[in-house]
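S.K.: What follows is the file work-v2.txt, containing compact mmCIF, N, CA and C atoms and all ligand atoms:
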# COMPACT_ATOMS: atom_id res chain seq x y z
N MET A 1 -2.02 2.10 29.15
CA MET A 1 -1.71 3.29 28.36
C MET A 1 -2.61 3.33 27.13
N ASN A 2 -3.13 4.49 26.77
CA ASN A 2 -4.00 4.51 25.59
C ASN A 2 -3.19 4.39 24.30
N LEU A 3 -3.91 4.05 23.22
CA LEU A 3 -3.24 3.70 21.97
C LEU A 3 -2.38 4.84 21.42
N LYS A 4 -2.88 6.06 21.51
CA LYS A 4 -2.13 7.21 21.01
C LYS A 4 -0.80 7.37 21.74
N ASP A 5 -0.81 7.12 23.05
CA ASP A 5 0.42 7.24 23.82
C ASP A 5 1.38 6.09 23.51
N ARG A 6 0.81 4.95 23.12
CA ARG A 6 1.67 3.81 22.76
C ARG A 6 2.27 3.98 21.37
N CYS A 7 1.69 4.87 20.56
CA CYS A 7 2.15 5.08 19.17
C CYS A 7 2.52 6.55 18.98
N PRO A 8 3.54 7.02 19.67
CA PRO A 8 3.81 8.46 19.62
C PRO A 8 4.30 8.95 18.26
N ILE A 9 3.98 10.21 17.99
CA ILE A 9 4.57 10.92 16.87
C ILE A 9 5.98 11.30 17.30
N ILE A 10 6.92 11.07 16.42
CA ILE A 10 8.31 11.46 16.71
C ILE A 10 8.65 12.65 15.81
N ASN A 11 9.06 13.74 16.42
CA ASN A 11 9.48 14.91 15.64
C ASN A 11 11.00 14.97 15.61
N PHE A 12 11.56 14.85 14.42
CA PHE A 12 13.02 14.85 14.29
C PHE A 12 13.52 16.29 14.27
N LYS A 13 14.75 16.43 14.68
CA LYS A 13 15.37 17.76 14.68
C LYS A 13 15.67 18.20 13.26
N ASP A 14 15.48 19.48 13.02
CA ASP A 14 15.81 20.05 11.71
C ASP A 14 17.24 20.59 11.79
N LEU A 15 18.15 19.91 11.11
CA LEU A 15 19.53 20.38 11.11
C LEU A 15 19.83 21.15 9.83
N GLY A 16 18.77 21.66 9.22
CA GLY A 16 18.94 22.38 7.95
C GLY A 16 19.56 23.75 8.14
N ASP A 17 20.03 24.27 7.07
CA ASP A 17 20.53 25.64 7.04
C ASP A 17 20.25 26.19 5.64
N GLU A 18 20.93 27.24 5.27
CA GLU A 18 20.61 27.86 3.98
C GLU A 18 20.92 26.94 2.80
N ARG A 19 21.64 25.83 3.05
CA ARG A 19 21.96 24.91 1.96
C ARG A 19 20.87 23.86 1.75
N GLY A 20 19.91 23.82 2.68
CA GLY A 20 18.85 22.80 2.57
C GLY A 20 18.63 22.13 3.90
N LYS A 21 17.71 21.17 3.90
CA LYS A 21 17.34 20.49 5.15
C LYS A 21 18.18 19.25 5.35
N LEU A 22 18.36 18.90 6.60
CA LEU A 22 19.03 17.64 6.94
C LEU A 22 18.33 17.08 8.18
N VAL A 23 17.91 15.84 8.08
CA VAL A 23 17.23 15.18 9.20
C VAL A 23 17.99 13.90 9.51
N VAL A 24 18.25 13.67 10.79
CA VAL A 24 18.97 12.46 11.20
C VAL A 24 18.02 11.56 11.98
N VAL A 25 18.01 10.27 11.63
CA VAL A 25 17.27 9.31 12.45
C VAL A 25 18.27 8.26 12.92
N GLU A 26 18.37 8.08 14.21
CA GLU A 26 19.36 7.14 14.75
C GLU A 26 18.69 6.09 15.62
N GLY A 27 19.08 4.83 15.38
CA GLY A 27 18.58 3.73 16.20
C GLY A 27 18.96 3.95 17.65
N ASN A 28 18.04 3.59 18.52
CA ASN A 28 18.23 3.72 19.97
C ASN A 28 18.43 5.17 20.44
N GLU A 29 18.19 6.10 19.53
CA GLU A 29 18.23 7.52 19.92
C GLU A 29 16.82 8.05 19.65
N THR A 30 16.62 8.71 18.52
CA THR A 30 15.26 9.17 18.21
C THR A 30 14.33 8.00 17.87
N ILE A 31 14.93 6.93 17.32
CA ILE A 31 14.14 5.73 17.03
C ILE A 31 14.28 4.80 18.24
N PRO A 32 13.15 4.36 18.82
CA PRO A 32 13.24 3.65 20.10
C PRO A 32 13.63 2.17 19.97
N PHE A 33 14.40 1.82 18.95
CA PHE A 33 14.89 0.44 18.83
C PHE A 33 16.13 0.44 17.94
N ASP A 34 16.78 -0.71 17.90
CA ASP A 34 17.91 -0.95 17.03
C ASP A 34 17.36 -1.18 15.62
N ILE A 35 17.80 -0.44 14.63
CA ILE A 35 17.22 -0.59 13.28
C ILE A 35 17.90 -1.76 12.56
N LYS A 36 17.08 -2.76 12.18
CA LYS A 36 17.63 -3.92 11.45
C LYS A 36 17.24 -3.90 9.98
N ARG A 37 16.17 -3.17 9.68
CA ARG A 37 15.61 -3.25 8.32
C ARG A 37 15.03 -1.90 7.93
N ILE A 38 15.23 -1.57 6.68
CA ILE A 38 14.64 -0.35 6.11
C ILE A 38 13.96 -0.74 4.82
N PHE A 39 12.73 -0.31 4.62
CA PHE A 39 12.13 -0.45 3.29
C PHE A 39 11.34 0.81 2.98
N TYR A 40 11.03 1.00 1.72
CA TYR A 40 10.25 2.18 1.37
C TYR A 40 9.25 1.83 0.30
N ILE A 41 8.14 2.53 0.39
CA ILE A 41 6.99 2.26 -0.46
C ILE A 41 6.73 3.51 -1.29
N TYR A 42 6.70 3.35 -2.60
CA TYR A 42 6.37 4.50 -3.45
C TYR A 42 5.60 4.01 -4.66
N ASP A 43 5.09 4.92 -5.47
CA ASP A 43 4.28 4.54 -6.63
C ASP A 43 2.95 3.93 -6.22
N SER A 44 2.50 4.19 -4.99
CA SER A 44 1.13 3.86 -4.62
C SER A 44 0.30 5.11 -4.95
N ASP A 45 -1.00 5.06 -4.75
CA ASP A 45 -1.81 6.26 -4.99
C ASP A 45 -3.01 6.26 -4.06
N SER A 46 -3.94 7.15 -4.31
CA SER A 46 -5.04 7.36 -3.36
C SER A 46 -6.07 6.23 -3.40
N THR A 47 -5.93 5.29 -4.35
CA THR A 47 -6.90 4.18 -4.41
C THR A 47 -6.40 2.94 -3.66
N ILE A 48 -5.17 3.00 -3.19
CA ILE A 48 -4.50 1.81 -2.65
C ILE A 48 -4.57 1.79 -1.12
N ILE A 49 -4.81 0.63 -0.55
CA ILE A 49 -4.65 0.46 0.90
C ILE A 49 -3.56 -0.59 1.11
N ARG A 50 -2.53 -0.24 1.86
CA ARG A 50 -1.45 -1.18 2.15
C ARG A 50 -1.45 -1.51 3.64
N GLY A 51 -0.45 -2.25 4.06
CA GLY A 51 -0.40 -2.63 5.46
C GLY A 51 -1.46 -3.69 5.68
N GLN A 52 -2.49 -3.35 6.44
CA GLN A 52 -3.55 -4.30 6.78
C GLN A 52 -2.96 -5.52 7.47
N HIS A 53 -2.15 -5.22 8.46
CA HIS A 53 -1.58 -6.30 9.26
C HIS A 53 -1.12 -5.79 10.62
N ALA A 54 -0.90 -6.75 11.51
CA ALA A 54 -0.23 -6.48 12.78
C ALA A 54 0.96 -7.43 12.84
N ASN A 55 1.93 -7.10 13.66
CA ASN A 55 3.14 -7.92 13.73
C ASN A 55 3.39 -8.41 15.14
N ARG A 56 3.67 -9.69 15.23
CA ARG A 56 3.91 -10.27 16.56
C ARG A 56 5.25 -9.81 17.14
N GLU A 57 6.23 -9.52 16.28
CA GLU A 57 7.59 -9.20 16.74
C GLU A 57 8.08 -7.83 16.32
N SER A 58 7.59 -7.34 15.18
CA SER A 58 8.20 -6.12 14.62
C SER A 58 7.61 -4.85 15.19
N GLU A 59 8.51 -3.92 15.42
CA GLU A 59 8.13 -2.54 15.72
C GLU A 59 8.58 -1.72 14.53
N PHE A 60 7.86 -0.64 14.25
CA PHE A 60 8.16 0.18 13.08
C PHE A 60 8.16 1.66 13.42
N VAL A 61 8.91 2.41 12.65
CA VAL A 61 8.69 3.86 12.57
C VAL A 61 8.45 4.18 11.10
N LEU A 62 7.37 4.89 10.81
CA LEU A 62 6.99 5.26 9.44
C LEU A 62 7.24 6.76 9.24
N ILE A 63 7.90 7.07 8.15
CA ILE A 63 8.23 8.47 7.83
C ILE A 63 7.94 8.71 6.35
N ASN A 64 7.13 9.69 6.03
CA ASN A 64 6.99 10.09 4.62
C ASN A 64 8.14 11.04 4.29
N VAL A 65 9.18 10.52 3.66
CA VAL A 65 10.32 11.39 3.33
C VAL A 65 10.01 12.29 2.14
N ALA A 66 8.97 11.93 1.39
CA ALA A 66 8.44 12.82 0.34
C ALA A 66 6.94 12.60 0.26
N GLY A 67 6.21 13.61 -0.15
CA GLY A 67 4.77 13.48 -0.33
C GLY A 67 4.07 13.20 0.99
N LYS A 68 2.88 12.59 0.88
CA LYS A 68 2.15 12.30 2.11
C LYS A 68 1.31 11.04 1.99
N SER A 69 0.98 10.50 3.15
CA SER A 69 0.06 9.36 3.23
C SER A 69 -0.59 9.41 4.60
N LYS A 70 -1.57 8.53 4.78
CA LYS A 70 -2.20 8.44 6.10
C LYS A 70 -2.01 7.02 6.64
N VAL A 71 -1.97 6.93 7.95
CA VAL A 71 -1.90 5.63 8.62
C VAL A 71 -3.07 5.54 9.59
N ARG A 72 -3.88 4.52 9.44
CA ARG A 72 -4.93 4.25 10.42
C ARG A 72 -4.39 3.20 11.37
N ILE A 73 -4.42 3.52 12.64
CA ILE A 73 -3.80 2.67 13.65
C ILE A 73 -4.89 2.23 14.61
N THR A 74 -4.97 0.93 14.86
CA THR A 74 -6.01 0.46 15.78
C THR A 74 -5.54 -0.76 16.55
N ASP A 75 -6.15 -0.93 17.73
CA ASP A 75 -5.95 -2.17 18.48
C ASP A 75 -7.29 -2.89 18.65
N GLY A 76 -8.24 -2.51 17.81
CA GLY A 76 -9.55 -3.14 17.88
C GLY A 76 -10.49 -2.44 18.85
N LYS A 77 -9.91 -1.64 19.74
CA LYS A 77 -10.75 -0.88 20.70
C LYS A 77 -10.68 0.60 20.38
N GLU A 78 -9.45 1.10 20.28
CA GLU A 78 -9.24 2.51 19.93
C GLU A 78 -8.72 2.58 18.50
N GLU A 79 -8.93 3.73 17.87
CA GLU A 79 -8.41 3.92 16.51
C GLU A 79 -8.06 5.39 16.34
N PHE A 80 -6.97 5.65 15.65
CA PHE A 80 -6.70 7.03 15.28
C PHE A 80 -5.93 7.06 13.97
N ILE A 81 -5.94 8.23 13.34
CA ILE A 81 -5.34 8.38 12.02
C ILE A 81 -4.23 9.43 12.11
N VAL A 82 -3.10 9.11 11.52
CA VAL A 82 -1.99 10.06 11.47
C VAL A 82 -1.75 10.41 10.02
N GLU A 83 -1.65 11.70 9.71
CA GLU A 83 -1.22 12.09 8.37
C GLU A 83 0.28 12.33 8.44
N LEU A 84 1.01 11.55 7.63
CA LEU A 84 2.46 11.74 7.54
C LEU A 84 2.70 12.65 6.36
N ASN A 85 3.12 13.86 6.62
CA ASN A 85 3.19 14.84 5.52
C ASN A 85 4.44 15.71 5.58
N LYS A 86 5.40 15.32 6.42
CA LYS A 86 6.68 16.03 6.38
C LYS A 86 7.81 15.10 6.77
N PRO A 87 8.97 15.29 6.14
CA PRO A 87 10.10 14.39 6.37
C PRO A 87 10.64 14.47 7.80
N MET A 88 10.15 15.44 8.55
CA MET A 88 10.67 15.65 9.90
C MET A 88 9.84 14.97 10.96
N MET A 89 8.81 14.20 10.54
CA MET A 89 7.99 13.51 11.53
C MET A 89 7.85 12.03 11.20
N GLY A 90 7.70 11.24 12.25
CA GLY A 90 7.45 9.82 12.07
C GLY A 90 6.43 9.36 13.09
N VAL A 91 5.93 8.16 12.91
CA VAL A 91 5.05 7.59 13.93
C VAL A 91 5.59 6.21 14.29
N TYR A 92 5.62 5.95 15.58
CA TYR A 92 6.10 4.67 16.11
C TYR A 92 4.92 3.70 16.23
N ILE A 93 5.12 2.50 15.73
CA ILE A 93 4.07 1.47 15.84
C ILE A 93 4.65 0.24 16.54
N PRO A 94 4.20 -0.03 17.75
CA PRO A 94 4.74 -1.18 18.49
C PRO A 94 4.20 -2.51 17.98
N ARG A 95 4.63 -3.58 18.60
CA ARG A 95 4.13 -4.92 18.26
C ARG A 95 2.62 -5.01 18.48
N MET A 96 1.99 -5.86 17.73
CA MET A 96 0.58 -6.21 17.95
C MET A 96 -0.36 -5.00 17.89
N VAL A 97 -0.04 -4.10 16.97
CA VAL A 97 -0.95 -2.99 16.68
C VAL A 97 -1.25 -3.04 15.18
N TRP A 98 -2.51 -2.93 14.83
CA TRP A 98 -2.95 -3.05 13.43
C TRP A 98 -2.79 -1.71 12.70
N LYS A 99 -2.28 -1.76 11.47
CA LYS A 99 -2.16 -0.50 10.71
C LYS A 99 -2.52 -0.67 9.23
N ASP A 100 -3.15 0.36 8.72
CA ASP A 100 -3.46 0.48 7.28
C ASP A 100 -2.84 1.77 6.79
N MET A 101 -2.14 1.70 5.69
CA MET A 101 -1.58 2.92 5.07
C MET A 101 -2.36 3.18 3.79
N TYR A 102 -2.76 4.43 3.58
CA TYR A 102 -3.64 4.74 2.45
C TYR A 102 -3.53 6.23 2.09
N ASP A 103 -4.28 6.62 1.08
CA ASP A 103 -4.31 8.02 0.65
C ASP A 103 -2.90 8.54 0.32
N PHE A 104 -2.18 7.73 -0.43
CA PHE A 104 -0.81 8.11 -0.82
C PHE A 104 -0.87 9.20 -1.89
N SER A 105 -0.11 10.26 -1.70
CA SER A 105 0.02 11.21 -2.80
C SER A 105 0.89 10.57 -3.89
N LYS A 106 0.80 11.07 -5.09
CA LYS A 106 1.55 10.51 -6.23
C LYS A 106 3.04 10.48 -5.94
N ASP A 107 3.50 11.51 -5.21
CA ASP A 107 4.94 11.64 -4.95
C ASP A 107 5.34 11.04 -3.59
N SER A 108 4.43 10.26 -2.98
CA SER A 108 4.71 9.72 -1.64
C SER A 108 5.86 8.71 -1.66
N VAL A 109 6.81 8.93 -0.79
CA VAL A 109 7.84 7.91 -0.52
C VAL A 109 7.77 7.65 0.98
N LEU A 110 7.22 6.50 1.33
CA LEU A 110 7.01 6.15 2.74
C LEU A 110 8.16 5.25 3.19
N LEU A 111 8.97 5.80 4.05
CA LEU A 111 10.14 5.08 4.57
C LEU A 111 9.73 4.37 5.86
N VAL A 112 10.12 3.11 5.96
CA VAL A 112 9.76 2.33 7.16
C VAL A 112 11.03 1.75 7.77
N LEU A 113 11.19 1.97 9.06
CA LEU A 113 12.31 1.40 9.81
C LEU A 113 11.74 0.31 10.70
N ALA A 114 12.45 -0.80 10.81
CA ALA A 114 11.95 -1.92 11.63
C ALA A 114 13.06 -2.46 12.52
N ASN A 115 12.66 -3.09 13.60
CA ASN A 115 13.62 -3.66 14.55
C ASN A 115 13.96 -5.12 14.23
N THR A 116 13.40 -5.65 13.13
CA THR A 116 13.59 -7.07 12.79
C THR A 116 14.01 -7.23 11.33
N HIS A 117 14.57 -8.39 11.03
CA HIS A 117 14.68 -8.81 9.64
C HIS A 117 13.31 -9.36 9.23
N TYR A 118 13.07 -9.42 7.93
CA TYR A 118 11.74 -9.84 7.48
C TYR A 118 11.48 -11.31 7.78
N ASP A 119 10.31 -11.56 8.35
CA ASP A 119 9.85 -12.93 8.57
C ASP A 119 8.34 -12.90 8.39
N GLY A 120 7.90 -13.38 7.25
CA GLY A 120 6.47 -13.32 6.90
C GLY A 120 5.58 -13.99 7.94
N SER A 121 6.13 -14.94 8.71
CA SER A 121 5.28 -15.69 9.65
C SER A 121 4.92 -14.89 10.90
N GLU A 122 5.58 -13.75 11.11
CA GLU A 122 5.20 -12.94 12.29
C GLU A 122 4.17 -11.88 11.93
N TYR A 123 3.72 -11.89 10.67
CA TYR A 123 2.68 -10.96 10.25
C TYR A 123 1.31 -11.60 10.48
N ILE A 124 0.38 -10.87 11.06
CA ILE A 124 -1.01 -11.33 11.16
C ILE A 124 -1.80 -10.49 10.16
N ARG A 125 -2.32 -11.14 9.14
CA ARG A 125 -2.98 -10.41 8.05
C ARG A 125 -4.50 -10.56 8.07
N ASP A 126 -5.00 -11.24 9.07
CA ASP A 126 -6.44 -11.42 9.21
C ASP A 126 -6.88 -10.70 10.48
N PHE A 127 -7.79 -9.74 10.34
CA PHE A 127 -8.14 -8.89 11.48
C PHE A 127 -8.79 -9.70 12.61
N ASP A 128 -9.64 -10.65 12.26
CA ASP A 128 -10.29 -11.47 13.30
C ASP A 128 -9.26 -12.30 14.07
N GLU A 129 -8.28 -12.83 13.32
CA GLU A 129 -7.20 -13.60 13.96
C GLU A 129 -6.39 -12.69 14.90
N TYR A 130 -6.16 -11.47 14.46
CA TYR A 130 -5.44 -10.48 15.28
C TYR A 130 -6.18 -10.25 16.60
N ILE A 131 -7.47 -10.01 16.52
CA ILE A 131 -8.27 -9.75 17.74
C ILE A 131 -8.24 -10.99 18.64
N LYS A 132 -8.32 -12.16 18.03
CA LYS A 132 -8.28 -13.41 18.81
C LYS A 132 -6.96 -13.52 19.58
N GLU A 133 -5.85 -13.25 18.88
CA GLU A 133 -4.53 -13.35 19.53
C GLU A 133 -4.36 -12.33 20.64
N LEU A 134 -4.90 -11.13 20.40
CA LEU A 134 -4.81 -10.08 21.43
C LEU A 134 -5.54 -10.51 22.69
N ASN A 135 -6.69 -11.15 22.48
CA ASN A 135 -7.53 -11.53 23.62
C ASN A 135 -7.02 -12.74 24.37
N LYS A 136 -6.11 -13.49 23.73
CA LYS A 136 -5.49 -14.65 24.38
C LYS A 136 -4.63 -14.24 25.55
N LYS A 137 -4.09 -13.00 25.46
CA LYS A 137 -3.09 -12.57 26.46
C LYS A 137 -3.73 -12.19 27.77
P1 LIG A 201 3.63 -6.30 2.34
O1 LIG A 201 3.91 -6.71 3.75
O2 LIG A 201 2.35 -6.79 1.74
O3 LIG A 201 3.72 -4.72 2.21
P2 LIG A 201 2.86 -3.61 2.99
O4 LIG A 201 3.22 -3.70 4.43
O5 LIG A 201 3.28 -2.33 2.40
O6 LIG A 201 1.42 -3.87 2.72
O7 LIG A 201 4.86 -6.78 1.46
C1 LIG A 201 4.81 -6.86 0.05
C2 LIG A 201 5.73 -7.99 -0.41
O8 LIG A 201 7.09 -7.71 -0.07
C3 LIG A 201 5.38 -9.32 0.25
O9 LIG A 201 5.52 -10.33 -0.75
C4 LIG A 201 6.44 -9.52 1.29
C5 LIG A 201 7.63 -8.76 0.75
N1 LIG A 201 8.47 -8.14 1.78
C6 LIG A 201 9.75 -8.62 2.01
O10 LIG A 201 10.21 -9.57 1.38
N2 LIG A 201 10.51 -8.01 2.97
C7 LIG A 201 10.05 -6.97 3.69
O11 LIG A 201 10.78 -6.42 4.56
C8 LIG A 201 8.72 -6.48 3.45
C9 LIG A 201 8.16 -5.33 4.24
C10 LIG A 201 7.96 -7.10 2.49
Written as structure tokens, that's how I'd like the structure from this file.
M.R.:
Amino acid sequence: MNLKDRCPIINFKDLGDERGKLVVVEGNETIPFDIKRIFYIYDSDSTIIRGQHANRESEFVLINVAGKSKVRITDGKEEFIVELNKPMMGVYIPRMVWKDMYDFSKDSVLLVLANTHYDGSEYIRDFDEYIKELNKK
């Protein structure tokens, strides 16, 4: 399967009405895993690059609940960029896929859902090491 198909954009339903918007994200429903962890990144800006890692165990869904940012997604062979710019969309990132988050707007709040509790040892933060591990399989 190509990388884009492995990292689908998820469009959440808009349950808004005249009172405002409402978006629901549910584990094992719109999110393709059981959600164990939530974190959010804000107060970054257009000079910052975050992420720069792949995960041996974690899967993620990234949602800009406010503002916007970009995610560069690669497996060392293919690469594509997603602009997260509305609270109604997310991107799924499976295990062993490299991602960089950058170009954060001042008001960006990047919400991340994960299928794991945090374990720093499952992060691969060196791109050459990542490619090596991928090629081992
Ligand atoms: P880091 O992985 O560098 O963030 P990003 O993916 O945005 O580049 O994490 C920053 C710090 O926060 C690092 O010291 C690890 C810690 N951290 C946790 O303790 N738990 C978590 O769930 C996450 C994502 C990070």
S.K.: Neighbours of ligand LIG 201 (chain A) at 7 Å or closer, counting only C-alpha atoms and all ligand atoms: which residues, as a list in words?
M.R.: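 Residues lying within 7 Å of ligand LIG 201 (chain A): Arg37, Phe39, Ile41, Arg50, Gly51, Gln52, His117, Tyr118 and Gly120 of chain A.
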S.K.: Include N, CA and C atoms and write out the residues we just selected as a short mmCIF file (atom, residue, chain, number, x, y, z; two decimals), keeping the file's coordinate frame.
M.R.:
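Full text of again.cif as output:
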data_model
loop_
_atom_site.label_atom_id
_atom_site.label_comp_id
_atom_site.auth_asym_id
_atom_site.auth_seq_id
_atom_site.Cartn_x
_atom_site.Cartn_y
_atom_site.Cartn_z
N ARG A 37 16.17 -3.17 9.68
CA ARG A 37 15.61 -3.25 8.32
C ARG A 37 15.03 -1.90 7.93
N PHE A 39 12.73 -0.31 4.62
CA PHE A 39 12.13 -0.45 3.29
C PHE A 39 11.34 0.81 2.98
N ILE A 41 8.14 2.53 0.39
CA ILE A 41 6.99 2.26 -0.46
C ILE A 41 6.73 3.51 -1.29
N ARG A 50 -2.53 -0.24 1.86
CA ARG A 50 -1.45 -1.18 2.15
C ARG A 50 -1.45 -1.51 3.64
N GLY A 51 -0.45 -2.25 4.06
CA GLY A 51 -0.40 -2.63 5.46
C GLY A 51 -1.46 -3.69 5.68
N GLN A 52 -2.49 -3.35 6.44
CA GLN A 52 -3.55 -4.30 6.78
C GLN A 52 -2.96 -5.52 7.47
N HIS A 117 14.57 -8.39 11.03
CA HIS A 117 14.68 -8.81 9.64
C HIS A 117 13.31 -9.36 9.23
N TYR A 118 13.07 -9.42 7.93
CA TYR A 118 11.74 -9.84 7.48
C TYR A 118 11.48 -11.31 7.78
N GLY A 120 7.90 -13.38 7.25
CA GLY A 120 6.47 -13.32 6.90
C GLY A 120 5.58 -13.99 7.94
#
S.K.: Please, which residues are within 9 Å of (14.1, 14.4, 9.2) by the file's coordinates, counting only C-alpha atoms, and could they come as a compact mmCIF listing (two decimals) with N, CA and C atoms, in the coordinates of the input?
M.R.:
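Dumped everything to result_30.txt:
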# COMPACT_ATOMS: atom_id res chain seq x y z
N ASN A 11 9.06 13.74 16.42
CA ASN A 11 9.48 14.91 15.64
C ASN A 11 11.00 14.97 15.61
N PHE A 12 11.56 14.85 14.42
CA PHE A 12 13.02 14.85 14.29
C PHE A 12 13.52 16.29 14.27
N LYS A 13 14.75 16.43 14.68
CA LYS A 13 15.37 17.76 14.68
C LYS A 13 15.67 18.20 13.26
N ASP A 14 15.48 19.48 13.02
CA ASP A 14 15.81 20.05 11.71
C ASP A 14 17.24 20.59 11.79
N LEU A 15 18.15 19.91 11.11
CA LEU A 15 19.53 20.38 11.11
C LEU A 15 19.83 21.15 9.83
N LYS A 21 17.71 21.17 3.90
CA LYS A 21 17.34 20.49 5.15
C LYS A 21 18.18 19.25 5.35
N LEU A 22 18.36 18.90 6.60
CA LEU A 22 19.03 17.64 6.94
C LEU A 22 18.33 17.08 8.18
N VAL A 23 17.91 15.84 8.08
CA VAL A 23 17.23 15.18 9.20
C VAL A 23 17.99 13.90 9.51
N VAL A 24 18.25 13.67 10.79
CA VAL A 24 18.97 12.46 11.20
C VAL A 24 18.02 11.56 11.98
N VAL A 25 18.01 10.27 11.63
CA VAL A 25 17.27 9.31 12.45
C VAL A 25 18.27 8.26 12.92
N ILE A 63 7.90 7.07 8.15
CA ILE A 63 8.23 8.47 7.83
C ILE A 63 7.94 8.71 6.35
N VAL A 65 9.18 10.52 3.66
CA VAL A 65 10.32 11.39 3.33
C VAL A 65 10.01 12.29 2.14
N LYS A 86 5.40 15.32 6.42
CA LYS A 86 6.68 16.03 6.38
C LYS A 86 7.81 15.10 6.77
N PRO A 87 8.97 15.29 6.14
CA PRO A 87 10.10 14.39 6.37
C PRO A 87 10.64 14.47 7.80
N MET A 88 10.15 15.44 8.55
CA MET A 88 10.67 15.65 9.90
C MET A 88 9.84 14.97 10.96
N MET A 89 8.81 14.20 10.54
CA MET A 89 7.99 13.51 11.53
C MET A 89 7.85 12.03 11.20
N GLY A 90 7.70 11.24 12.25
CA GLY A 90 7.45 9.82 12.07
C GLY A 90 6.43 9.36 13.09
S.K.: Identify, on the basis of only N, CA and C atoms, every residue whose closest approach to A:Cys7 does not exceed 7 Å; exclude the query and any residue fewer than 2 positions from it along the same chain; express the result as a ChimeraX atom specification.
M.R.: /A:2-5,9-10,91-94
S.K.: Got a sec to tell me which of chain A DSSP assigns to strand (DSSP E or B), as a ChimeraX atom specification?
M.R.: /A:9-11,17,20,27,31,37-42,49-55,60-66,69-74,79-84,89-93,98-102,109-114,123-124
S.K.: A:Leu62, A:Ile38, A:Ile131, A:Val71: which is nearest A:Thr116, counting all atoms listed in the file?
M.R.: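 Result for the nearest residue to A:Thr116: A:Ile38.
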S.K.: Under the rule that only C-alpha atoms are counted, which of A:Phe127, A:Tyr42, A:Phe80, A:Phe33 is the nearest residue to A:Gly67?
M.R.: A:Tyr42
S.K.: Identify, with DSSP run on backbone atoms, the residues in chain A assigned to alpha helix (DSSP H), and express the list as a PyMOL selection string.
M.R.: chain A and resi 3-6+127-136
S.K.: From (-1.8, 3.3, -3.8), in the file's coordinates, out to 9 Å: which residues are reached, counting only C-alpha atoms? Answer as a compact mmCIF listing (two decimals) with N, CA and C atoms, keeping the file's coordinate frame.
M.R.:
# COMPACT_ATOMS: atom_id res chain seq x y z
N TYR A 42 6.70 3.35 -2.60
CA TYR A 42 6.37 4.50 -3.45
C TYR A 42 5.60 4.01 -4.66
N ASP A 43 5.09 4.92 -5.47
CA ASP A 43 4.28 4.54 -6.63
C ASP A 43 2.95 3.93 -6.22
N SER A 44 2.50 4.19 -4.99
CA SER A 44 1.13 3.86 -4.62
C SER A 44 0.30 5.11 -4.95
N ASP A 45 -1.00 5.06 -4.75
CA ASP A 45 -1.81 6.26 -4.99
C ASP A 45 -3.01 6.26 -4.06
N SER A 46 -3.94 7.15 -4.31
CA SER A 46 -5.04 7.36 -3.36
C SER A 46 -6.07 6.23 -3.40
N THR A 47 -5.93 5.29 -4.35
CA THR A 47 -6.90 4.18 -4.41
C THR A 47 -6.40 2.94 -3.66
N ILE A 48 -5.17 3.00 -3.19
CA ILE A 48 -4.50 1.81 -2.65
C ILE A 48 -4.57 1.79 -1.12
N ILE A 49 -4.81 0.63 -0.55
CA ILE A 49 -4.65 0.46 0.90
C ILE A 49 -3.56 -0.59 1.11
N ARG A 50 -2.53 -0.24 1.86
CA ARG A 50 -1.45 -1.18 2.15
C ARG A 50 -1.45 -1.51 3.64
N MET A 101 -2.14 1.70 5.69
CA MET A 101 -1.58 2.92 5.07
C MET A 101 -2.36 3.18 3.79
N TYR A 102 -2.76 4.43 3.58
CA TYR A 102 -3.64 4.74 2.45
C TYR A 102 -3.53 6.23 2.09
N ASP A 103 -4.28 6.62 1.08
CA ASP A 103 -4.31 8.02 0.65
C ASP A 103 -2.90 8.54 0.32
N PHE A 104 -2.18 7.73 -0.43
CA PHE A 104 -0.81 8.11 -0.82
C PHE A 104 -0.87 9.20 -1.89
N SER A 105 -0.11 10.26 -1.70
CA SER A 105 0.02 11.21 -2.80
C SER A 105 0.89 10.57 -3.89
N LYS A 106 0.80 11.07 -5.09
CA LYS A 106 1.55 10.51 -6.23
C LYS A 106 3.04 10.48 -5.94
S.K.: With distances taken over all atoms listed in the file, which residue among A:Val97, A:Val82, A:Ile73, A:Val112 lies nearest A:Asn55?
M.R.: A:Val97
S.K.: Enter the distance from atom N of A:Phe60 to atom N of A:Asp17, in Å, rounded to one decimal.
M.R.: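 Answer for the atom N of A:Phe60 to atom N of A:Asp17 separation: 28.6 Å.
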S.K.: Using only N, CA and C atoms, pick whichever of A:Lys99, A:Arg72, A:His53, A:Arg19 has the shortest atom-to-atom distance to A:Tyr123.
M.R.: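 Selected residue with least distance to A:Tyr123: A:His53.
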S.K.: Smallest atom-to-atom distance to A:Leu84: which of A:Lys132, A:Lys137, A:Lys70, A:Arg56, using only N, CA and C atoms?
M.R.: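 Closest candidate: A:Lys70.
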S.K.: Out of A:Leu113, A:Ser121, A:Arg6, A:Asp128, which residue has the shortest atom-to-atom distance to A:Ile35 when counting all atoms listed in the file?
M.R.: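 Checking each candidate against A:Ile35, we get A:Leu113 as the closest.
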S.K.: In Å, rounded to a single decimal, give me how far atom N of A:Tyr40 is from atom CA of A:Gly16.
M.R.: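 About the pair atom CA of A:Gly16 and atom N of A:Tyr40: they are 23.6 Å apart.
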S.K.: If you measure from atom C of A:Pro8 to atom N of A:Glu129, what distance in Å do you get, rounded to one decimal?
M.R.: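 Atom C of A:Pro8 sits 25.6 Å away from atom N of A:Glu129.
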